[in-house]
2 protein chains.
Amino acid sequence: MAIRVAVDAMGGDDAPGAVIEGTLRAVRAARGTMEVVLYGPKERLRQELRGATAEGLRIVDAPEVIEMGDMPVAAVRSKPRSSVLVGLSEHKQGRTDAFISAGNTGATVAASLFSLGRLPGVVRPAMPTCYPTVKGVCLVLDIGSNMDSKAEHLLQFARLGAAYCRTLLAVDEPTVGLLSVGEEPAKGNELVKAAHALFSHAPDLRFVGNIEGRDILHHGADVVVCDGFIGNVVLKLGESIATAIPDMVRQELRCMDVSAEVAHVMEDVFSKVAQRFNSEQYGGGVPLLGVDGTVFIMHGRSSASAIGRCIRMASQAATLGMRAALESALRTHVTTP
Amino acid sequence: MAIRVAVDAMGGDDAPGAVIEGTLRAVRAARGTMEVVLYGPKERLRQELRGATAEGLRIVDAPEVIEMGDMPVAAVRSKPRSSVLVGLSEHKQGRTDAFISAGNTGATVAASLFSLGRLPGVVRPAMPTCYPTVKGVCLVLDIGSNMDSKAEHLLQFARLGAAYCRTLLAVDEPTVGLLSVGEEPAKGNELVKAAHALFSHAPDLRFVGNIEGRDILHHGADVVVCDGFIGNVVLKLGESIATAIPDMVRQELRCMDVSAEVAHVMEDVFSKVAQRFNSEQYGGGVPLLGVDGTVFIMHGRSSASAIGRCIRMASQAATLGMRAALESALRTHVTTP
């Protein structure tokens, strides 16, 4: 049976235009192996499609729209017929295999928790990002769905991240590092010191201990666990390397006497290295790990190509059984309070 | 009168050899405008000097040594005749104008608090680093002397950082940004949200609001304020850019067909950009802001050149009246509890 991906047609700065364009591309490229359901105001979406069709594309009417500026919890309560809530509700009922949105992140997280619930043993879901390293990529999580985490939340992030790494990144026995300010267990803030003790007693984790800021790019671990505040800073600092370093290189070049050919090759090499720091490169969206479903969240300013990539990634996650893999990774560690 | 810099001769992985070598270079280059006092076991230092002398170089005997692995507070209590404690005690008495050490950082911070005390209004001293940006450098603080800070500590870091930026980096009216996960005041963890409110009501700060991880390299503010845990991660991630990016560039080059000449120019440009991320570049050490004195702390693996640069920087800080500038920046804001 074809994998069915639910798409919030109204989410994102350029919605529904960019979403529809990206969806059409993904559906056509899949040649019948994938179904995509677009959620949004039916007439509006029909107009945007301007008669374009594709095998496997469906529209489900959801007349309300959650705006980027809406307060998450209030929006979830007051807009039950929004594309996000209708889409997640149908996902919960098993009518689709994955759900993606480039809309209001807070609202999508709140709606996912409300509509899907959590996997057993999860208190807070987390979002990971693929971070470029000298050896490929590592997974850094959480990158911002949780501020002010507790040590037991970090332990769940570690389990969710390791399971994701095994399932989606095909790393057999991923190493797990805890982001801190020194290798020694006594180094770090109170949160990290408490988490170190928990990680050390988790036999299911291949814990390599604390890793430092410098170890991320040098691939100190396959999975780097941190609080969502610091993960978000690390993510955005990384993204800015792609734009700032070429600027710095150009400044240096101006002081040197290089040929046009050399400058050209340089720009080329740089755009390739910069691409590694472009998170869209790694699927166009990030999964919301820990909810009882398969949800991917995209940046508000996602392009049509990013939407297309995210649809493919969500479809792959569903095919590979991401939700079940996460559930199984957590199952043996659920303790009844 | 010549500026007098006190140097902990026994601090650092290669002490006293590297310290003595760096000191000799700095003293000789100063041609009589600077005095340097080396603290350490007199006979040991004499042997290391092997008869070398320089105008303005003095030795003061301090027979005890605080080792890198010593517990800070215990070391301060049990080794009153160590180079760190004798040096700081003489600095407190006004016999020197600045003190530098590449030894056990925790012990130097503890000894500074014990021997010098804090400037009025300071609860916790902070350490800043100069971070490369597309426009030059910004000052990021704290980079690790404080874990688990409170909002009022961040406010002090902002004042200390702005005063340092004015005095040592010659930025007239430095802008101050608070590192967070979004521009809006409501974004961030509890610490940052509370700090945002305090910063907004500080008329002496040129506060530009929250800045994000991506804004550091793009010079979102002259002074970037954060907790020491996150500052340390940001610092080390930045340092690793210097080593990881050239690796990534080499990987890309291997897949391309470039001439030896182009590859050579590329390495050259890269080593220049990488140098910007080498924190030794910006003085070889970082000041401990907020103690009642002029203290610079260096990395344990500081080379002789780093030691020399730090001596010059400490001498410059003393000449420019760093301590008085910091005291004055804090003075109007001291509240009696």
# chains A, B, ... in the order shown; residues from 1 in each chain; ligands from 1
$ select_by_dssp --residues "stretch 125-265 of chain B" --states "alpha helix (DSSP H)" --output "number ranges by chain"
B: 151-168, 190-200, 213-217, 228-254, 260-265
$ interface_residues --of "chain B" --to "chain A" --cutoff "6 Å" --atoms "only C-alpha atoms" --output "list in words"
Met147, Asp148, Asn189, Gly213, Arg214, Val233, Lys236, Leu237, Ser240 and Val262 of chain B
$ write_last_selection --atoms "all heavy atoms" --output "CSV table (one decimal), in the first residue's frame"
chain,number,residue,atom,x,y,z
B,147,MET,N,28.5,28.7,36.4
B,147,MET,CA,27.4,27.8,35.9
B,147,MET,C,26.2,28.2,36.7
B,147,MET,O,26.2,28.8,37.8
B,147,MET,CB,27.8,26.4,36.3
B,147,MET,CG,29.0,25.8,35.6
B,147,MET,SD,28.9,25.6,33.9
B,147,MET,CE,30.3,26.7,33.3
B,148,ASP,N,25.0,28.0,36.1
B,148,ASP,CA,23.7,28.2,36.8
B,148,ASP,C,23.6,29.7,37.3
B,148,ASP,O,23.4,29.9,38.5
B,148,ASP,CB,23.5,27.2,38.0
B,148,ASP,CG,23.5,25.8,37.4
B,148,ASP,OD1,22.6,25.5,36.7
B,148,ASP,OD2,24.4,25.0,37.8
B,189,ASN,N,14.6,30.7,27.9
B,189,ASN,CA,14.4,29.9,29.1
B,189,ASN,C,14.1,30.9,30.2
B,189,ASN,O,14.1,32.1,30.0
B,189,ASN,CB,15.6,29.0,29.5
B,189,ASN,CG,16.9,29.8,29.5
B,189,ASN,OD1,16.9,31.0,29.7
B,189,ASN,ND2,18.0,29.1,29.4
B,213,GLY,N,21.6,32.6,18.1
B,213,GLY,CA,22.9,31.9,17.8
B,213,GLY,C,23.5,32.4,16.4
B,213,GLY,O,24.7,32.6,16.3
B,214,ARG,N,22.6,32.7,15.5
B,214,ARG,CA,23.1,33.1,14.1
B,214,ARG,C,23.7,34.5,14.1
B,214,ARG,O,24.4,34.9,13.2
B,214,ARG,CB,22.0,32.9,13.1
B,214,ARG,CG,20.9,33.9,13.2
B,214,ARG,CD,20.0,33.8,12.0
B,214,ARG,NE,19.4,32.6,11.9
B,214,ARG,CZ,18.2,32.3,12.4
B,214,ARG,NH1,17.5,33.2,13.0
B,214,ARG,NH2,17.6,31.1,12.2
B,233,VAL,N,30.3,26.6,25.7
B,233,VAL,CA,30.0,25.8,24.5
B,233,VAL,C,30.1,26.6,23.2
B,233,VAL,O,30.8,26.2,22.2
B,233,VAL,CB,28.5,25.2,24.6
B,233,VAL,CG1,28.1,24.6,23.2
B,233,VAL,CG2,28.4,24.2,25.7
B,236,LYS,N,33.9,27.2,22.5
B,236,LYS,CA,34.6,26.0,22.0
B,236,LYS,C,34.1,25.6,20.6
B,236,LYS,O,34.9,25.1,19.8
B,236,LYS,CB,34.6,24.9,23.0
B,236,LYS,CG,35.4,25.2,24.3
B,236,LYS,CD,35.2,24.1,25.3
B,236,LYS,CE,36.1,24.4,26.6
B,236,LYS,NZ,35.6,23.6,27.7
B,237,LEU,N,32.8,25.8,20.4
B,237,LEU,CA,32.3,25.5,19.0
B,237,LEU,C,33.0,26.4,18.0
B,237,LEU,O,33.4,26.0,16.9
B,237,LEU,CB,30.8,25.6,19.0
B,237,LEU,CG,30.1,25.4,17.7
B,237,LEU,CD1,30.4,24.0,17.1
B,237,LEU,CD2,28.5,25.5,17.9
B,240,SER,N,36.5,25.4,17.3
B,240,SER,CA,36.6,24.2,16.4
B,240,SER,C,36.3,24.5,15.0
B,240,SER,O,36.6,23.7,14.1
B,240,SER,CB,35.6,23.1,16.9
B,240,SER,OG,34.3,23.4,16.6
B,262,VAL,N,46.0,26.4,-6.8
B,262,VAL,CA,44.7,26.7,-6.2
B,262,VAL,C,44.6,26.1,-4.8
B,262,VAL,O,44.3,26.8,-3.9
B,262,VAL,CB,43.5,26.2,-7.1
B,262,VAL,CG1,42.2,26.4,-6.4
B,262,VAL,CG2,43.5,27.0,-8.4
$ select_by_dssp --residues "stretch 67-304 of chain B" --states "strand (DSSP E or B)" --output "MDAnalysis selection string"
chainID B and resid 82 98:101 118 126 128:133 136:141 175:179 206:211 223:225 286:287 289 291 295:297
$ write_last_selection --atoms "N, CA and C atoms" --output "compact mmCIF listing (two decimals), in the first residue's frame"
# COMPACT_ATOMS: atom_id res chain seq x y z
N SER B 82 51.92 29.64 47.78
CA SER B 82 52.00 29.29 46.36
C SER B 82 52.18 30.54 45.52
N ALA B 98 48.99 44.34 37.67
CA ALA B 98 48.16 43.30 37.07
C ALA B 98 48.77 41.95 37.43
N PHE B 99 47.95 40.91 37.36
CA PHE B 99 48.41 39.56 37.68
C PHE B 99 47.94 38.62 36.59
N ILE B 100 48.82 37.74 36.11
CA ILE B 100 48.39 36.76 35.12
C ILE B 100 48.81 35.34 35.52
N SER B 101 47.97 34.36 35.11
CA SER B 101 48.28 32.96 35.40
C SER B 101 47.72 32.05 34.32
N ARG B 118 35.63 41.40 45.61
CA ARG B 118 34.87 41.80 44.42
C ARG B 118 34.75 43.31 44.35
N ALA B 126 33.10 37.47 35.96
CA ALA B 126 32.85 36.79 34.68
C ALA B 126 34.07 36.89 33.79
N PRO B 128 35.21 37.13 29.73
CA PRO B 128 34.75 37.33 28.36
C PRO B 128 35.76 36.80 27.35
N THR B 129 35.30 36.57 26.13
CA THR B 129 36.23 36.25 25.06
C THR B 129 35.92 37.14 23.87
N CYS B 130 36.93 37.44 23.08
CA CYS B 130 36.69 38.16 21.83
C CYS B 130 36.33 37.13 20.77
N TYR B 131 35.16 37.30 20.16
CA TYR B 131 34.66 36.32 19.20
C TYR B 131 34.71 36.96 17.82
N PRO B 132 35.24 36.26 16.81
CA PRO B 132 35.34 36.87 15.50
C PRO B 132 33.96 37.05 14.87
N THR B 133 33.76 38.18 14.19
CA THR B 133 32.51 38.42 13.48
C THR B 133 32.86 38.94 12.09
N GLY B 136 34.50 42.25 12.62
CA GLY B 136 35.66 42.39 13.50
C GLY B 136 35.57 41.39 14.64
N VAL B 137 35.34 41.91 15.85
CA VAL B 137 35.11 40.99 16.97
C VAL B 137 33.97 41.52 17.84
N CYS B 138 33.31 40.60 18.51
CA CYS B 138 32.38 41.00 19.57
C CYS B 138 32.88 40.36 20.85
N LEU B 139 32.33 40.81 21.97
CA LEU B 139 32.74 40.27 23.26
C LEU B 139 31.63 39.34 23.75
N VAL B 140 31.96 38.08 24.00
CA VAL B 140 30.96 37.14 24.52
C VAL B 140 31.32 36.85 25.98
N LEU B 141 30.36 37.01 26.88
CA LEU B 141 30.61 36.66 28.28
C LEU B 141 29.33 36.22 28.95
N THR B 175 26.85 48.14 21.89
CA THR B 175 25.51 47.56 21.99
C THR B 175 25.61 46.25 22.77
N VAL B 176 24.54 45.95 23.49
CA VAL B 176 24.51 44.74 24.31
C VAL B 176 23.35 43.87 23.86
N GLY B 177 23.62 42.61 23.55
CA GLY B 177 22.56 41.66 23.18
C GLY B 177 22.51 40.53 24.18
N LEU B 178 21.32 39.99 24.37
CA LEU B 178 21.13 38.87 25.29
C LEU B 178 20.93 37.62 24.43
N LEU B 179 21.77 36.62 24.61
CA LEU B 179 21.70 35.42 23.76
C LEU B 179 20.46 34.59 24.11
N ARG B 206 23.16 49.96 26.36
CA ARG B 206 22.57 50.15 25.03
C ARG B 206 22.06 48.78 24.57
N PHE B 207 20.94 48.39 25.17
CA PHE B 207 20.42 47.03 25.00
C PHE B 207 19.66 46.90 23.68
N VAL B 208 20.07 45.96 22.84
CA VAL B 208 19.40 45.78 21.55
C VAL B 208 18.43 44.60 21.57
N GLY B 209 18.20 44.03 22.75
CA GLY B 209 17.24 42.93 22.86
C GLY B 209 17.91 41.57 22.74
N ASN B 210 17.07 40.55 22.58
CA ASN B 210 17.58 39.20 22.41
C ASN B 210 18.28 39.07 21.06
N ILE B 211 19.37 38.33 21.03
CA ILE B 211 19.96 37.96 19.75
C ILE B 211 20.03 36.43 19.72
N VAL B 223 28.47 43.37 22.55
CA VAL B 223 28.62 42.54 23.75
C VAL B 223 27.49 41.52 23.77
N VAL B 224 27.83 40.25 23.81
CA VAL B 224 26.82 39.18 23.83
C VAL B 224 26.84 38.56 25.22
N VAL B 225 25.71 38.66 25.92
CA VAL B 225 25.66 38.19 27.30
C VAL B 225 24.98 36.83 27.38
N VAL B 286 42.21 35.83 29.07
CA VAL B 286 40.97 36.58 29.27
C VAL B 286 40.97 37.20 30.66
N PRO B 287 40.41 38.40 30.78
CA PRO B 287 40.37 39.06 32.08
C PRO B 287 39.30 38.43 32.97
N LEU B 289 36.71 39.61 35.08
CA LEU B 289 36.04 40.88 35.32
C LEU B 289 35.19 40.84 36.59
N VAL B 291 36.51 41.23 39.85
CA VAL B 291 37.30 41.17 41.09
C VAL B 291 37.97 42.54 41.27
N VAL B 295 43.21 40.97 36.75
CA VAL B 295 43.67 39.59 36.66
C VAL B 295 43.36 39.04 35.27
N PHE B 296 44.35 38.40 34.65
CA PHE B 296 44.12 37.72 33.38
C PHE B 296 44.42 36.23 33.54
N ILE B 297 43.55 35.44 32.94
CA ILE B 297 43.67 33.99 33.06
C ILE B 297 43.93 33.41 31.68
$ residues_around --residues "B:Ala170" --least-positions-apart "2" --cutoff "12 Å" --atoms "only C-alpha atoms" --output "list in words"
Val137, Cys138, Ala162, Ala163, Tyr164, Cys165, Arg166, Thr167, Leu168, Asp172, Glu173, Pro174, Asp222, Ala317, Leu320 and Met322 of chain B
$ write_last_selection --atoms "N, CA and C atoms" --output "PDB file, in the first residue's frame"
ATOM      1  N   VAL B 137      35.337  41.906  15.853  1.00  0.00           N
ATOM      2  CA  VAL B 137      35.108  40.994  16.974  1.00  0.00           C
ATOM      3  C   VAL B 137      33.966  41.515  17.835  1.00  0.00           C
ATOM      4  N   CYS B 138      33.307  40.601  18.515  1.00  0.00           N
ATOM      5  CA  CYS B 138      32.380  41.004  19.567  1.00  0.00           C
ATOM      6  C   CYS B 138      32.884  40.363  20.851  1.00  0.00           C
ATOM      7  N   ALA B 162      30.287  45.696  28.837  1.00  0.00           N
ATOM      8  CA  ALA B 162      30.204  46.979  28.134  1.00  0.00           C
ATOM      9  C   ALA B 162      31.370  47.878  28.548  1.00  0.00           C
ATOM     10  N   ALA B 163      31.685  47.897  29.845  1.00  0.00           N
ATOM     11  CA  ALA B 163      32.786  48.746  30.322  1.00  0.00           C
ATOM     12  C   ALA B 163      34.120  48.260  29.741  1.00  0.00           C
ATOM     13  N   TYR B 164      34.292  46.950  29.668  1.00  0.00           N
ATOM     14  CA  TYR B 164      35.524  46.394  29.108  1.00  0.00           C
ATOM     15  C   TYR B 164      35.641  46.743  27.625  1.00  0.00           C
ATOM     16  N   CYS B 165      34.514  46.645  26.946  1.00  0.00           N
ATOM     17  CA  CYS B 165      34.462  46.918  25.514  1.00  0.00           C
ATOM     18  C   CYS B 165      34.827  48.383  25.236  1.00  0.00           C
ATOM     19  N   ARG B 166      34.317  49.290  26.071  1.00  0.00           N
ATOM     20  CA  ARG B 166      34.645  50.710  25.927  1.00  0.00           C
ATOM     21  C   ARG B 166      36.126  50.948  26.182  1.00  0.00           C
ATOM     22  N   THR B 167      36.630  50.344  27.264  1.00  0.00           N
ATOM     23  CA  THR B 167      37.993  50.647  27.709  1.00  0.00           C
ATOM     24  C   THR B 167      39.061  49.947  26.879  1.00  0.00           C
ATOM     25  N   LEU B 168      38.892  48.651  26.678  1.00  0.00           N
ATOM     26  CA  LEU B 168      39.963  47.891  26.019  1.00  0.00           C
ATOM     27  C   LEU B 168      39.772  47.739  24.519  1.00  0.00           C
ATOM     28  N   ASP B 172      32.951  53.054  21.556  1.00  0.00           N
ATOM     29  CA  ASP B 172      32.384  54.145  22.362  1.00  0.00           C
ATOM     30  C   ASP B 172      31.107  53.782  23.107  1.00  0.00           C
ATOM     31  N   GLU B 173      30.117  53.347  22.338  1.00  0.00           N
ATOM     32  CA  GLU B 173      28.848  53.018  22.983  1.00  0.00           C
ATOM     33  C   GLU B 173      28.450  51.606  22.587  1.00  0.00           C
ATOM     34  N   PRO B 174      29.050  50.627  23.209  1.00  0.00           N
ATOM     35  CA  PRO B 174      28.814  49.246  22.779  1.00  0.00           C
ATOM     36  C   PRO B 174      27.354  48.825  22.919  1.00  0.00           C
ATOM     37  N   ASP B 222      27.760  44.285  20.092  1.00  0.00           N
ATOM     38  CA  ASP B 222      29.177  44.358  20.466  1.00  0.00           C
ATOM     39  C   ASP B 222      29.467  43.467  21.671  1.00  0.00           C
ATOM     40  N   ALA B 317      45.829  46.771  29.910  1.00  0.00           N
ATOM     41  CA  ALA B 317      44.614  46.912  30.718  1.00  0.00           C
ATOM     42  C   ALA B 317      44.878  47.797  31.929  1.00  0.00           C
ATOM     43  N   LEU B 320      45.309  51.447  30.783  1.00  0.00           N
ATOM     44  CA  LEU B 320      44.045  52.074  30.401  1.00  0.00           C
ATOM     45  C   LEU B 320      43.061  52.192  31.569  1.00  0.00           C
ATOM     46  N   MET B 322      41.579  49.700  33.506  1.00  0.00           N
ATOM     47  CA  MET B 322      40.447  48.778  33.411  1.00  0.00           C
ATOM     48  C   MET B 322      39.670  48.647  34.723  1.00  0.00           C
TER      49      MET B 322
END
$ atom_distance --atom1 "atom CA of B:Arg77" --atom2 "atom CA of B:Val65"
12.6 Å
$ atom_distance --atom1 "atom CA of A:Ala111" --atom2 "atom CA of A:Arg81"
11.9 Å
$ calpha_fit_rmsd --fixed "chain A" --moving "chain B"
0.1 Å
$ residues_around --residues "B:Ser78" --least-positions-apart "5" --cutoff "12 Å" --atoms "only C-alpha atoms" --output "MDAnalysis selection string"
chainID B and resid 64:66 70:73 85 107 111
$ residues_around --residues "stretch 28-34 of chain B" --least-positions-apart "3" --cutoff "7 Å" --atoms "only C-alpha atoms" --output "ChimeraX atom specification"
/B:2-4,24-25,54-56
